[in-house]
>>> print(open('coords08.pdb').read())   # PDB, C-alpha atoms
MODEL        1
ATOM      1  CA  MET A 382       0.000   0.000   0.000
ATOM      2  CA  SER A 383       1.406   3.388  -1.012
ATOM      3  CA  ASP A 384       0.369   5.136   2.204
ATOM      4  CA  CYS A 385       1.659   2.427   4.561
ATOM      5  CA  ASN A 386       3.780   3.828   7.413
ATOM      6  CA  HIS A 387       5.027   0.318   8.331
ATOM      7  CA  GLN A 388       3.785   0.724  11.913
ATOM      8  CA  CYS A 389       1.605  -2.368  12.048
ATOM      9  CA  SER A 390       0.828  -2.060  15.757
ATOM     10  CA  THR A 391      -1.079   1.189  15.161
ATOM     11  CA  CYS A 392      -2.399   0.370  11.691
ATOM     12  CA  THR A 393      -6.084   1.205  11.115
ATOM     13  CA  VAL A 394      -6.221  -0.191   7.590
ATOM     14  CA  SER A 395      -8.209  -3.340   6.773
ATOM     15  CA  GLU A 396      -6.725  -6.770   7.418
ATOM     16  CA  GLY A 397      -5.776  -7.077   3.746
ATOM     17  CA  CYS A 398      -2.398  -5.450   4.344
ATOM     18  CA  GLN A 399       0.279  -7.900   3.158
ATOM     19  CA  GLU A 400       2.962  -6.527   5.484
ATOM     20  CA  LYS A 401       0.654  -6.892   8.456
ATOM     21  CA  GLU A 402      -0.026 -10.507   7.504
ATOM     22  CA  GLN A 403       3.699 -11.217   7.144
ATOM     23  CA  ASN A 404       4.463  -9.723  10.542
ATOM     24  CA  ALA A 405       1.694 -11.762  12.108
ATOM     25  CA  GLN A 406       3.092 -14.925  10.520
ATOM     26  CA  ALA A 407       6.583 -14.103  11.828
ATOM     27  CA  VAL A 408       5.198 -13.790  15.346
ATOM     28  CA  GLU A 409       3.401 -17.108  14.941
ATOM     29  CA  ASN A 410       6.535 -18.850  13.648
ATOM     30  CA  THR A 411       8.786 -17.665  16.477
ATOM     31  CA  LYS A 412       6.480 -17.521  19.488
ATOM     32  CA  GLY A 413       7.510 -20.999  20.667
ATOM     33  CA  ILE A 414      11.242 -20.191  20.785
ATOM     34  CA  ARG A 415      12.277 -19.631  24.391
ATOM     35  CA  ARG A 416      16.038 -19.085  24.320
ATOM     36  CA  VAL A 417      18.335 -17.973  21.484
ATOM     37  CA  ILE A 418      22.108 -18.320  21.790
ATOM     38  CA  GLY A 419      24.552 -17.159  19.127
ATOM     39  CA  VAL A 420      27.745 -19.147  18.594
ATOM     40  CA  VAL A 421      30.471 -16.772  17.429
ATOM     41  CA  GLY A 422      33.902 -17.656  16.114
ATOM     42  CA  GLY A 423      35.380 -14.305  15.186
ATOM     43  CA  LYS A 424      37.801 -16.119  12.869
ATOM     44  CA  GLY A 425      37.100 -18.982  10.487
ATOM     45  CA  GLY A 426      38.421 -22.484  11.075
ATOM     46  CA  VAL A 427      38.053 -22.615  14.863
ATOM     47  CA  GLY A 428      35.320 -25.279  14.836
ATOM     48  CA  LYS A 429      32.309 -23.052  15.385
ATOM     49  CA  SER A 430      29.870 -25.286  13.470
ATOM     50  CA  LEU A 431      31.085 -28.343  15.361
ATOM     51  CA  VAL A 432      30.573 -26.580  18.689
ATOM     52  CA  THR A 433      27.108 -25.396  17.599
ATOM     53  CA  SER A 434      26.101 -28.915  16.582
ATOM     54  CA  LEU A 435      27.472 -30.568  19.711
ATOM     55  CA  LEU A 436      25.747 -28.006  21.932
ATOM     56  CA  ALA A 437      22.411 -28.717  20.258
ATOM     57  CA  ILE A 438      22.945 -32.472  20.539
ATOM     58  CA  GLN A 439      24.027 -32.392  24.185
ATOM     59  CA  THR A 440      21.226 -30.013  25.168
ATOM     60  CA  ARG A 441      18.781 -32.306  23.389
ATOM     61  CA  ARG A 442      20.133 -35.247  25.389
ATOM     62  CA  LEU A 443      19.384 -33.303  28.572
ATOM     63  CA  GLY A 444      15.715 -33.375  27.602
ATOM     64  CA  TYR A 445      15.256 -30.029  25.863
ATOM     65  CA  GLN A 446      13.823 -29.186  22.446
ATOM     66  CA  THR A 447      16.678 -27.798  20.377
ATOM     67  CA  ALA A 448      17.160 -26.104  17.012
ATOM     68  CA  VAL A 449      20.039 -24.806  14.897
ATOM     69  CA  LEU A 450      19.695 -21.783  12.642
ATOM     70  CA  ASP A 451      22.653 -21.913  10.252
ATOM     71  CA  ALA A 452      23.476 -18.244   9.677
ATOM     72  CA  ASP A 453      26.768 -19.037   7.961
ATOM     73  CA  ILE A 454      25.130 -18.546   4.572
ATOM     74  CA  THR A 455      28.249 -18.748   2.381
ATOM     75  CA  GLY A 456      29.740 -21.703   4.286
ATOM     76  CA  PRO A 457      26.799 -23.786   5.538
ATOM     77  CA  SER A 458      28.017 -27.057   7.060
ATOM     78  CA  ILE A 459      25.321 -27.890   9.614
ATOM     79  CA  PRO A 460      23.291 -30.224   7.342
ATOM     80  CA  LYS A 461      26.350 -32.314   6.466
ATOM     81  CA  ILE A 462      27.316 -32.649  10.135
ATOM     82  CA  PHE A 463      23.823 -33.994  10.849
ATOM     83  CA  GLY A 464      23.883 -36.276   7.796
ATOM     84  CA  ILE A 465      21.167 -34.387   5.900
ATOM     85  CA  HIS A 466      21.279 -34.060   2.122
ATOM     86  CA  ASP A 467      17.568 -33.537   1.381
ATOM     87  CA  HIS A 468      15.703 -30.311   0.716
ATOM     88  CA  ALA A 469      13.557 -28.401   3.179
ATOM     89  CA  LYS A 470       9.805 -28.524   2.656
ATOM     90  CA  THR A 471       7.095 -25.903   2.978
ATOM     91  CA  ASP A 472       3.491 -25.718   4.050
ATOM     92  CA  ALA A 473       0.971 -23.186   2.806
ATOM     93  CA  GLN A 474       2.628 -20.282   4.622
ATOM     94  CA  SER A 475       6.122 -21.129   5.890
ATOM     95  CA  LEU A 476       9.308 -23.089   5.453
ATOM     96  CA  LEU A 477       9.477 -26.201   7.599
ATOM     97  CA  PRO A 478      12.643 -26.995   9.561
ATOM     98  CA  TYR A 479      14.308 -30.301   8.849
ATOM     99  CA  ILE A 480      14.108 -32.681  11.805
ATOM    100  CA  ALA A 481      17.408 -34.449  12.439
ATOM    101  CA  GLU A 482      17.709 -38.016  13.686
ATOM    102  CA  ASP A 483      17.820 -36.917  17.329
ATOM    103  CA  GLY A 484      14.914 -34.472  16.967
ATOM    104  CA  THR A 485      16.962 -31.289  16.567
ATOM    105  CA  LYS A 486      15.319 -28.827  14.164
ATOM    106  CA  LEU A 487      17.547 -27.363  11.441
ATOM    107  CA  MET A 488      17.420 -24.653   8.822
ATOM    108  CA  SER A 489      20.308 -23.927   6.487
ATOM    109  CA  LEU A 490      20.758 -22.539   3.020
ATOM    110  CA  ASN A 491      22.104 -25.918   1.916
ATOM    111  CA  LEU A 492      18.606 -27.309   2.492
ATOM    112  CA  LEU A 493      17.345 -24.925  -0.200
ATOM    113  CA  LEU A 494      20.064 -25.078  -2.863
ATOM    114  CA  GLU A 495      19.622 -27.396  -5.843
ATOM    115  CA  HIS A 496      23.069 -28.860  -5.183
ATOM    116  CA  GLU A 497      24.751 -28.590  -1.776
ATOM    117  CA  THR A 498      28.066 -27.644  -3.424
ATOM    118  CA  ASP A 499      26.545 -24.675  -5.280
ATOM    119  CA  PRO A 500      28.321 -21.415  -4.330
ATOM    120  CA  VAL A 501      26.391 -18.364  -3.129
ATOM    121  CA  PHE A 502      27.180 -15.219  -5.128
ATOM    122  CA  TRP A 503      25.353 -12.750  -2.892
ATOM    123  CA  ARG A 504      26.361  -9.473  -1.316
ATOM    124  CA  GLY A 505      26.095  -8.778   2.396
ATOM    125  CA  PRO A 506      22.619  -7.175   2.529
ATOM    126  CA  VAL A 507      21.062 -10.090   0.626
ATOM    127  CA  ILE A 508      22.747 -12.629   2.897
ATOM    128  CA  SER A 509      21.552 -10.713   5.960
ATOM    129  CA  GLY A 510      18.031 -10.768   4.550
ATOM    130  CA  VAL A 511      18.145 -14.552   4.235
ATOM    131  CA  VAL A 512      19.144 -14.892   7.892
ATOM    132  CA  LYS A 513      16.197 -12.739   8.909
ATOM    133  CA  GLN A 514      13.933 -14.856   6.703
ATOM    134  CA  PHE A 515      15.181 -18.027   8.397
ATOM    135  CA  TRP A 516      14.127 -16.523  11.710
ATOM    136  CA  GLU A 517      10.741 -15.178  10.613
ATOM    137  CA  GLU A 518       9.597 -17.498   7.832
ATOM    138  CA  VAL A 519      10.394 -20.922   9.295
ATOM    139  CA  ALA A 520       7.694 -22.629  11.350
ATOM    140  CA  TRP A 521       9.964 -23.477  14.263
ATOM    141  CA  GLY A 522       7.300 -24.668  16.688
ATOM    142  CA  ASP A 523       8.333 -25.273  20.288
ATOM    143  CA  VAL A 524      12.066 -24.764  20.858
ATOM    144  CA  ASP A 525      13.690 -24.509  24.281
ATOM    145  CA  PHE A 526      17.160 -23.602  22.975
ATOM    146  CA  MET A 527      17.980 -22.320  19.510
ATOM    147  CA  PHE A 528      21.674 -22.142  18.630
ATOM    148  CA  VAL A 529      22.633 -19.741  15.824
ATOM    149  CA  ASP A 530      25.759 -20.756  13.918
ATOM    150  CA  MET A 531      27.262 -17.380  13.005
ATOM    151  CA  PRO A 532      29.695 -16.660  10.176
ATOM    152  CA  PRO A 533      33.224 -15.465  11.021
ATOM    153  CA  GLY A 534      33.923 -11.807  11.636
ATOM    154  CA  THR A 535      31.855  -8.806  12.670
ATOM    155  CA  GLY A 536      30.167  -7.944   9.379
ATOM    156  CA  ASP A 537      26.619  -7.707   8.075
ATOM    157  CA  VAL A 538      25.296 -11.067   9.246
ATOM    158  CA  PRO A 539      26.445 -10.893  12.898
ATOM    159  CA  LEU A 540      25.075  -7.348  12.998
ATOM    160  CA  THR A 541      21.731  -8.575  11.608
ATOM    161  CA  VAL A 542      21.579 -11.367  14.174
ATOM    162  CA  PHE A 543      22.463  -9.013  17.031
ATOM    163  CA  GLN A 544      19.811  -6.513  15.944
ATOM    164  CA  SER A 545      17.011  -8.760  14.665
ATOM    165  CA  LEU A 546      17.024 -11.861  16.854
ATOM    166  CA  PRO A 547      16.198 -11.801  20.582
ATOM    167  CA  LEU A 548      19.570 -13.160  21.671
ATOM    168  CA  ASP A 549      19.894 -14.268  25.271
ATOM    169  CA  GLY A 550      23.653 -14.239  24.831
ATOM    170  CA  ILE A 551      26.560 -15.462  22.738
ATOM    171  CA  LEU A 552      29.155 -18.174  23.174
ATOM    172  CA  ILE A 553      32.646 -17.578  21.830
ATOM    173  CA  VAL A 554      34.589 -20.360  20.110
ATOM    174  CA  SER A 555      38.354 -20.004  19.956
ATOM    175  CA  THR A 556      41.597 -21.885  19.709
ATOM    176  CA  PRO A 557      44.524 -21.063  22.035
ATOM    177  CA  GLN A 558      46.401 -18.758  19.670
ATOM    178  CA  SER A 559      47.246 -15.086  20.079
ATOM    179  CA  LEU A 560      46.116 -14.338  16.522
ATOM    180  CA  VAL A 561      42.699 -15.922  17.078
ATOM    181  CA  SER A 562      42.199 -14.371  20.508
ATOM    182  CA  MET A 563      42.918 -10.920  19.082
ATOM    183  CA  ILE A 564      40.145 -11.358  16.504
ATOM    184  CA  VAL A 565      37.834 -12.938  19.073
ATOM    185  CA  GLN A 566      38.196  -9.798  21.168
ATOM    186  CA  LYS A 567      36.656  -7.837  18.295
ATOM    187  CA  ALA A 568      33.538 -10.034  18.431
ATOM    188  CA  VAL A 569      33.398  -9.701  22.206
ATOM    189  CA  THR A 570      33.654  -5.918  21.989
ATOM    190  CA  MET A 571      30.952  -5.815  19.303
ATOM    191  CA  ALA A 572      28.572  -7.827  21.490
ATOM    192  CA  GLN A 573      29.296  -5.691  24.542
ATOM    193  CA  ARG A 574      28.638  -2.464  22.636
ATOM    194  CA  MET A 575      25.269  -3.861  21.548
ATOM    195  CA  ASP A 576      24.402  -5.038  25.077
ATOM    196  CA  ILE A 577      24.477  -8.730  24.150
ATOM    197  CA  PRO A 578      25.638 -10.874  27.099
ATOM    198  CA  VAL A 579      28.815 -12.880  26.521
ATOM    199  CA  LEU A 580      28.071 -16.181  28.267
ATOM    200  CA  GLY A 581      31.543 -17.681  28.027
ATOM    201  CA  MET A 582      34.040 -19.350  25.731
ATOM    202  CA  VAL A 583      34.645 -22.839  24.427
ATOM    203  CA  GLU A 584      38.304 -23.450  23.683
ATOM    204  CA  ASN A 585      38.473 -25.890  20.795
ATOM    205  CA  MET A 586      41.379 -28.035  19.592
ATOM    206  CA  ARG A 587      43.218 -27.491  22.868
ATOM    207  CA  PHE A 588      45.210 -30.705  22.483
ATOM    208  CA  ILE A 589      45.331 -34.084  20.786
ATOM    209  CA  LYS A 590      45.651 -37.254  22.808
ATOM    210  CA  CYS A 591      48.406 -39.721  21.907
ATOM    211  CA  PRO A 592      46.696 -42.994  20.899
ATOM    212  CA  ASP A 593      49.546 -45.030  22.425
ATOM    213  CA  CYS A 594      50.338 -43.443  25.778
ATOM    214  CA  GLY A 595      47.321 -41.156  26.283
ATOM    215  CA  LYS A 596      49.475 -38.066  26.780
ATOM    216  CA  GLU A 597      47.768 -34.755  25.935
ATOM    217  CA  ILE A 598      49.827 -32.937  23.312
ATOM    218  CA  PRO A 599      49.117 -29.169  23.004
ATOM    219  CA  LEU A 600      48.454 -28.020  19.448
ATOM    220  CA  PHE A 601      48.697 -24.249  19.859
ATOM    221  CA  GLY A 602      50.203 -21.621  22.124
ATOM    222  CA  SER A 603      49.229 -21.402  25.752
ATOM    223  CA  ASP A 604      46.373 -20.439  28.030
ATOM    224  CA  GLU A 605      47.640 -16.864  28.074
ATOM    225  CA  ALA A 606      46.189 -16.160  24.630
ATOM    226  CA  VAL A 607      42.667 -17.119  25.698
ATOM    227  CA  ASP A 608      42.962 -15.611  29.174
ATOM    228  CA  ALA A 609      43.766 -12.239  27.593
ATOM    229  CA  THR A 610      40.174 -11.976  26.312
ATOM    230  CA  ASN A 611      38.815 -11.920  29.891
ATOM    231  CA  VAL A 612      36.006 -14.256  28.829
ATOM    232  CA  PRO A 613      35.476 -17.243  31.160
ATOM    233  CA  VAL A 614      36.341 -20.573  29.527
ATOM    234  CA  LEU A 615      33.435 -22.975  30.080
ATOM    235  CA  GLU A 616      35.117 -25.980  28.540
ATOM    236  CA  ARG A 617      38.297 -27.028  26.734
ATOM    237  CA  ILE A 618      37.929 -29.771  24.154
ATOM    238  CA  PRO A 619      40.551 -31.646  22.115
ATOM    239  CA  LEU A 620      40.992 -32.288  18.435
ATOM    240  CA  ASP A 621      39.429 -35.755  18.296
ATOM    241  CA  PRO A 622      39.777 -37.769  15.060
ATOM    242  CA  GLN A 623      36.605 -39.747  15.803
ATOM    243  CA  VAL A 624      34.599 -36.518  16.064
ATOM    244  CA  ALA A 625      36.064 -35.269  12.795
ATOM    245  CA  ALA A 626      35.188 -38.577  11.117
ATOM    246  CA  ALA A 627      31.637 -38.422  12.505
ATOM    247  CA  CYS A 628      31.172 -34.919  11.077
ATOM    248  CA  ASP A 629      32.440 -36.059   7.677
ATOM    249  CA  SER A 630      30.072 -39.046   7.655
ATOM    250  CA  GLY A 631      27.106 -37.120   9.063
ATOM    251  CA  SER A 632      26.850 -39.343  12.126
ATOM    252  CA  LEU A 633      27.661 -36.899  14.927
ATOM    253  CA  VAL A 634      24.234 -37.416  16.550
ATOM    254  CA  SER A 635      25.066 -41.087  17.051
ATOM    255  CA  LEU A 636      28.509 -40.509  18.569
ATOM    256  CA  GLU A 637      28.619 -40.939  22.337
ATOM    257  CA  VAL A 638      31.051 -38.319  23.623
ATOM    258  CA  GLU A 639      31.149 -36.074  26.683
ATOM    259  CA  TYR A 640      32.381 -32.969  24.865
ATOM    260  CA  LEU A 641      30.250 -29.886  25.630
ATOM    261  CA  LYS A 642      27.927 -31.823  27.907
ATOM    262  CA  ARG A 643      29.220 -29.672  30.768
ATOM    263  CA  THR A 644      28.635 -26.469  28.777
ATOM    264  CA  ALA A 645      25.110 -27.570  27.846
ATOM    265  CA  GLN A 646      24.432 -28.206  31.527
ATOM    266  CA  ILE A 647      25.779 -24.775  32.458
ATOM    267  CA  LEU A 648      23.473 -23.114  29.920
ATOM    268  CA  THR A 649      20.364 -25.016  30.964
ATOM    269  CA  ASP A 650      21.093 -24.369  34.625
ATOM    270  CA  ALA A 651      21.693 -20.661  33.967
ATOM    271  CA  PHE A 652      18.370 -20.214  32.202
ATOM    272  CA  GLY A 653      16.357 -22.191  34.725
ATOM    273  CA  GLU A 654      14.029 -25.134  34.517
ATOM    274  CA  GLU A 655      11.134 -23.247  32.932
ATOM    275  CA  ASN A 656      12.318 -24.540  29.540
ATOM    276  CA  ALA A 657      11.965 -28.204  30.463
TER     277      ALA A 657
ENDMDL
END
>>> encode(input="coords08.pdb", output="structure tokens")
Amino acid sequence: MSDCNHQCSTCTVSEGCQEKEQNAQAVENTKGIRRVIGVVGGKGGVGKSLVTSLLAIQTRRLGYQTAVLDADITGPSIPKIFGIHDHAKTDAQSLLPYIAEDGTKLMSLNLLLEHETDPVFWRGPVISGVVKQFWEEVAWGDVDFMFVDMPPGTGDVPLTVFQSLPLDGILIVSTPQSLVSMIVQKAVTMAQRMDIPVLGMVENMRFIKCPDCGKEIPLFGSDEAVDATNVPVLERIPLDPQVAAACDSGSLVSLEVEYLKRTAQILTDAFGEENA
């Protein structure tokens, strides 16, 4: 409508307004989501998607309804980790999340592409719009904890997520390197300036365990690099070949590991039992 002021809450026009209908549908699609947690890497290659997936799986095992919104539009890996190669479906009004083997709900661009290896030649504003659509136009249903897998850096998409989604906080993923911790600090500062709580950090690839003697062999730097960010480390996890193999084969949901179980428990305890 040419005279629409886009203030739907005070609109006196008839119910035929398309924007009003879209806003109402967005409210309907997201009203069952209770907690939203962004998983931020700052720098690529730190294992952010793995941490996101494991958090959803471990939280699900604690008895909560979980979901993953894959906001890493140009590098979507969540479906492969969960062993999904099909396409998302729709109903009359909304996209439907894909339900993984363990019951976790997923939405990712790779569920919409004709071929999962197709590249995405989109500029930042378009990518940000897709993330907002994933939030508003997917019929999520009841979700106790939604984990948002964020792209690296502090660009358009993290800004869209910080501004458009009702984040309860973010988790930082890092490796123990000075270079990574420096870039992580940028993400921390961005969240703080936008009043988004920083819940803690998961330190990934801290060590690899010798298969013969069991000795823990450090892969990077020292604790000083991570400590310099002043973000509390909730858990330190190793580089585990069996986890990497499970991600490659899409069988992570079936792998019995303790990694991030403690962090999932911390999150569920922090947000109370009202989600159960």
>>> resolve_selection(input="coords08.pdb", expression="the PyMOL selection byres ((chain A and resi 636) around 10)", output="PyMOL selection string")
chain A and resi 438+623-624+627-628+632-635+637-639
>>> atom_distance(input="coords08.pdb", atom1="atom CA of A:Phe588", atom2="atom CA of A:Thr649")
26.9 Å
>>> closest_residue(input="coords08.pdb", among="A:Ile589, A:Leu560, A:Leu477, A:Leu431", to="A:Pro460", atoms="only C-alpha atoms")
A:Leu431
>>> atom_distance(input="coords08.pdb", atom1="atom CA of A:Lys486", atom2="atom CA of A:Leu436")
13.0 Å
>>> resolve_selection(input="coords08.pdb", expression="the PyMOL selection byres ((chain A and resi 481) around 12)", output="PyMOL selection string")
chain A and resi 434+437-438+441+446-449+459-467+469+478-480+482-488+631-635
>>> resolve_selection(input="coords08.pdb", expression="the PyMOL selection byres ((chain A and resi 548) around 6)", output="list in words")
Val417, Ile418, Leu546, Pro547, Asp549 and Gly550 of chain A
>>> atom_distance(input="coords08.pdb", atom1="atom CA of A:Glu517", atom2="atom CA of A:Gln406")
7.7 Å
>>> build_atoms(input="coords08.pdb", residues="stretch 609-637 of chain A", atoms="N, CA and C atoms", output="PDB file, in the frame of the given file")
ATOM      1  N   ALA A 609      43.672 -13.671  27.888  1.00  0.00           N
ATOM      2  CA  ALA A 609      43.766 -12.239  27.593  1.00  0.00           C
ATOM      3  C   ALA A 609      42.424 -11.645  27.164  1.00  0.00           C
ATOM      4  N   THR A 610      41.479 -12.481  26.741  1.00  0.00           N
ATOM      5  CA  THR A 610      40.174 -11.976  26.312  1.00  0.00           C
ATOM      6  C   THR A 610      39.267 -11.656  27.494  1.00  0.00           C
ATOM      7  N   ASN A 611      39.618 -12.134  28.681  1.00  0.00           N
ATOM      8  CA  ASN A 611      38.815 -11.920  29.891  1.00  0.00           C
ATOM      9  C   ASN A 611      37.413 -12.515  29.778  1.00  0.00           C
ATOM     10  N   VAL A 612      37.263 -13.532  28.943  1.00  0.00           N
ATOM     11  CA  VAL A 612      36.006 -14.256  28.829  1.00  0.00           C
ATOM     12  C   VAL A 612      36.183 -15.609  29.518  1.00  0.00           C
ATOM     13  N   PRO A 613      35.302 -15.972  30.451  1.00  0.00           N
ATOM     14  CA  PRO A 613      35.476 -17.243  31.160  1.00  0.00           C
ATOM     15  C   PRO A 613      35.382 -18.440  30.224  1.00  0.00           C
ATOM     16  N   VAL A 614      36.330 -19.364  30.343  1.00  0.00           N
ATOM     17  CA  VAL A 614      36.341 -20.573  29.527  1.00  0.00           C
ATOM     18  C   VAL A 614      35.451 -21.612  30.202  1.00  0.00           C
ATOM     19  N   LEU A 615      34.374 -21.999  29.530  1.00  0.00           N
ATOM     20  CA  LEU A 615      33.435 -22.975  30.080  1.00  0.00           C
ATOM     21  C   LEU A 615      33.929 -24.397  29.906  1.00  0.00           C
ATOM     22  N   GLU A 616      34.663 -24.622  28.814  1.00  0.00           N
ATOM     23  CA  GLU A 616      35.117 -25.980  28.540  1.00  0.00           C
ATOM     24  C   GLU A 616      36.261 -25.937  27.529  1.00  0.00           C
ATOM     25  N   ARG A 617      37.207 -26.857  27.688  1.00  0.00           N
ATOM     26  CA  ARG A 617      38.297 -27.028  26.734  1.00  0.00           C
ATOM     27  C   ARG A 617      38.177 -28.418  26.133  1.00  0.00           C
ATOM     28  N   ILE A 618      38.111 -28.478  24.799  1.00  0.00           N
ATOM     29  CA  ILE A 618      37.929 -29.771  24.154  1.00  0.00           C
ATOM     30  C   ILE A 618      39.070 -30.028  23.188  1.00  0.00           C
ATOM     31  N   PRO A 619      39.402 -31.310  22.962  1.00  0.00           N
ATOM     32  CA  PRO A 619      40.551 -31.646  22.115  1.00  0.00           C
ATOM     33  C   PRO A 619      40.181 -31.743  20.638  1.00  0.00           C
ATOM     34  N   LEU A 620      41.185 -31.887  19.818  1.00  0.00           N
ATOM     35  CA  LEU A 620      40.992 -32.288  18.435  1.00  0.00           C
ATOM     36  C   LEU A 620      40.891 -33.806  18.449  1.00  0.00           C
ATOM     37  N   ASP A 621      39.696 -34.324  18.177  1.00  0.00           N
ATOM     38  CA  ASP A 621      39.429 -35.755  18.296  1.00  0.00           C
ATOM     39  C   ASP A 621      39.137 -36.325  16.907  1.00  0.00           C
ATOM     40  N   PRO A 622      39.989 -37.209  16.407  1.00  0.00           N
ATOM     41  CA  PRO A 622      39.777 -37.769  15.060  1.00  0.00           C
ATOM     42  C   PRO A 622      38.421 -38.450  14.894  1.00  0.00           C
ATOM     43  N   GLN A 623      37.889 -39.065  15.951  1.00  0.00           N
ATOM     44  CA  GLN A 623      36.605 -39.747  15.803  1.00  0.00           C
ATOM     45  C   GLN A 623      35.463 -38.749  15.644  1.00  0.00           C
ATOM     46  N   VAL A 624      35.599 -37.567  16.247  1.00  0.00           N
ATOM     47  CA  VAL A 624      34.599 -36.518  16.064  1.00  0.00           C
ATOM     48  C   VAL A 624      34.670 -35.969  14.651  1.00  0.00           C
ATOM     49  N   ALA A 625      35.892 -35.752  14.159  1.00  0.00           N
ATOM     50  CA  ALA A 625      36.064 -35.269  12.795  1.00  0.00           C
ATOM     51  C   ALA A 625      35.486 -36.258  11.789  1.00  0.00           C
ATOM     52  N   ALA A 626      35.717 -37.547  12.019  1.00  0.00           N
ATOM     53  CA  ALA A 626      35.188 -38.577  11.117  1.00  0.00           C
ATOM     54  C   ALA A 626      33.663 -38.615  11.165  1.00  0.00           C
ATOM     55  N   ALA A 627      33.096 -38.418  12.359  1.00  0.00           N
ATOM     56  CA  ALA A 627      31.637 -38.422  12.505  1.00  0.00           C
ATOM     57  C   ALA A 627      31.002 -37.242  11.778  1.00  0.00           C
ATOM     58  N   CYS A 628      31.671 -36.087  11.812  1.00  0.00           N
ATOM     59  CA  CYS A 628      31.172 -34.919  11.077  1.00  0.00           C
ATOM     60  C   CYS A 628      31.209 -35.176   9.578  1.00  0.00           C
ATOM     61  N   ASP A 629      32.305 -35.777   9.102  1.00  0.00           N
ATOM     62  CA  ASP A 629      32.440 -36.059   7.677  1.00  0.00           C
ATOM     63  C   ASP A 629      31.386 -37.049   7.193  1.00  0.00           C
ATOM     64  N   SER A 630      31.036 -38.008   8.051  1.00  0.00           N
ATOM     65  CA  SER A 630      30.072 -39.046   7.655  1.00  0.00           C
ATOM     66  C   SER A 630      28.634 -38.688   8.023  1.00  0.00           C
ATOM     67  N   GLY A 631      28.452 -37.539   8.686  1.00  0.00           N
ATOM     68  CA  GLY A 631      27.106 -37.120   9.063  1.00  0.00           C
ATOM     69  C   GLY A 631      26.506 -37.921  10.194  1.00  0.00           C
ATOM     70  N   SER A 632      27.348 -38.479  11.056  1.00  0.00           N
ATOM     71  CA  SER A 632      26.850 -39.343  12.126  1.00  0.00           C
ATOM     72  C   SER A 632      27.142 -38.792  13.519  1.00  0.00           C
ATOM     73  N   LEU A 633      27.315 -37.479  13.632  1.00  0.00           N
ATOM     74  CA  LEU A 633      27.661 -36.899  14.927  1.00  0.00           C
ATOM     75  C   LEU A 633      26.585 -37.171  15.976  1.00  0.00           C
ATOM     76  N   VAL A 634      25.318 -37.194  15.577  1.00  0.00           N
ATOM     77  CA  VAL A 634      24.234 -37.416  16.550  1.00  0.00           C
ATOM     78  C   VAL A 634      24.314 -38.795  17.182  1.00  0.00           C
ATOM     79  N   SER A 635      24.976 -39.719  16.529  1.00  0.00           N
ATOM     80  CA  SER A 635      25.066 -41.087  17.051  1.00  0.00           C
ATOM     81  C   SER A 635      26.333 -41.325  17.870  1.00  0.00           C
ATOM     82  N   LEU A 636      27.233 -40.343  17.887  1.00  0.00           N
ATOM     83  CA  LEU A 636      28.509 -40.509  18.569  1.00  0.00           C
ATOM     84  C   LEU A 636      28.355 -40.197  20.057  1.00  0.00           C
ATOM     85  N   GLU A 637      28.724 -41.121  20.886  1.00  0.00           N
ATOM     86  CA  GLU A 637      28.619 -40.939  22.337  1.00  0.00           C
ATOM     87  C   GLU A 637      29.915 -40.329  22.873  1.00  0.00           C
TER      88      GLU A 637
END
